[in-house]
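The block underneath contains the structure these notes are about, expressed in structure tokens.
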Amino acid sequence: YPLCALPPTTKQWYQRRVHGHYRCCLYAGIRVSGTNAEVMPAQWEYQVGPTEGIDMGDDLWVSRYLLERVAEDFGVVVSFDPKPMAGDWNGAGAHTNSRGRQGTQGI
């Protein structure tokens, strides 16, 4: 659900977990450029980067490890399954955005 459509207490419940992961990533030196709720209930995503070269893969894996640890502290379960629930959920699915040199030059 979009965060703005949730009751205030539910927003706070999600925000504590999302912000906890965000702070852990920043402390570890991982650049997180954004987080957002997806359409499927309780589905969130975060964006790692901008990052160059091999650091991208390292940052992604370490951020996932940190997400698992934060979730454990809050007593919630993380799934990296792109379609964890049956149905046609708009926005649910594994997606990766990357940009090469041409993308950075405005071509």
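Ligands are numbered from 1 in the order shown, chains are lettered A, B, ... in the order of the structure tokens, and residues start at 1 in each chain.
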- Task: Within 6 Å of range 30-32 of chain A, counting only C-alpha atoms, which residues show up once you throw out same-chain ones fewer than 5 positions away? Write them as a VMD selection string, please.
- Result: chain A and resid 25 47 to 49 59
What would the file look like if the residues just selected were written as a PDB file, in the first residue's frame with all heavy atoms?
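Output (out32.pdb):
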ATOM      1  N   CYS A  25      22.814   0.660   6.678  1.00  0.00           N
ATOM      2  CA  CYS A  25      23.531   0.754   5.401  1.00  0.00           C
ATOM      3  C   CYS A  25      24.438   1.978   5.371  1.00  0.00           C
ATOM      4  O   CYS A  25      25.601   1.887   4.958  1.00  0.00           O
ATOM      5  CB  CYS A  25      22.544   0.800   4.231  1.00  0.00           C
ATOM      6  SG  CYS A  25      21.759  -0.776   3.875  1.00  0.00           S
ATOM      7  N   GLN A  47      16.824   1.342  -3.029  1.00  0.00           N
ATOM      8  CA  GLN A  47      17.749   1.491  -4.148  1.00  0.00           C
ATOM      9  C   GLN A  47      19.158   1.700  -3.613  1.00  0.00           C
ATOM     10  O   GLN A  47      19.384   2.602  -2.809  1.00  0.00           O
ATOM     11  CB  GLN A  47      17.348   2.679  -5.033  1.00  0.00           C
ATOM     12  CG  GLN A  47      15.995   2.529  -5.717  1.00  0.00           C
ATOM     13  CD  GLN A  47      14.821   2.871  -4.825  1.00  0.00           C
ATOM     14  OE1 GLN A  47      14.860   3.794  -4.034  1.00  0.00           O
ATOM     15  NE2 GLN A  47      13.753   2.112  -4.944  1.00  0.00           N
ATOM     16  N   VAL A  48      20.072   0.856  -4.066  1.00  0.00           N
ATOM     17  CA  VAL A  48      21.486   0.974  -3.695  1.00  0.00           C
ATOM     18  C   VAL A  48      22.190   1.740  -4.802  1.00  0.00           C
ATOM     19  O   VAL A  48      22.036   1.431  -5.973  1.00  0.00           O
ATOM     20  CB  VAL A  48      22.134  -0.415  -3.517  1.00  0.00           C
ATOM     21  CG1 VAL A  48      23.628  -0.288  -3.284  1.00  0.00           C
ATOM     22  CG2 VAL A  48      21.483  -1.163  -2.367  1.00  0.00           C
ATOM     23  N   GLY A  49      22.950   2.749  -4.414  1.00  0.00           N
ATOM     24  CA  GLY A  49      23.711   3.495  -5.399  1.00  0.00           C
ATOM     25  C   GLY A  49      23.493   4.984  -5.235  1.00  0.00           C
ATOM     26  O   GLY A  49      22.751   5.398  -4.342  1.00  0.00           O
ATOM     27  N   ASP A  59      27.917  -3.931  -2.346  1.00  0.00           N
ATOM     28  CA  ASP A  59      26.957  -3.129  -1.581  1.00  0.00           C
ATOM     29  C   ASP A  59      25.582  -3.787  -1.548  1.00  0.00           C
ATOM     30  O   ASP A  59      24.901  -3.773  -0.524  1.00  0.00           O
ATOM     31  CB  ASP A  59      26.849  -1.718  -2.159  1.00  0.00           C
ATOM     32  CG  ASP A  59      28.064  -0.865  -1.866  1.00  0.00           C
ATOM     33  OD1 ASP A  59      28.955  -1.320  -1.114  1.00  0.00           O
ATOM     34  OD2 ASP A  59      28.129   0.258  -2.385  1.00  0.00           O
TER      35      ASP A  59
END
- Which polymer residues have any atom within 10 Å of an atom of Ala28 in chain A, counting only C-alpha atoms, with same-chain residues fewer than 6 positions away left out, as a PyMOL selection string? chain A and resi 22+59+62-63+66
- Would you kindly return, as a PyMOL selection string, each protein, DNA or RNA residue with an atom no farther than 12 Å from any atom of Val76 in chain A, considering only C-alpha atoms and excluding same-chain residues fewer than 5 positions away? chain A and resi 13-14+17-18+42+67-71
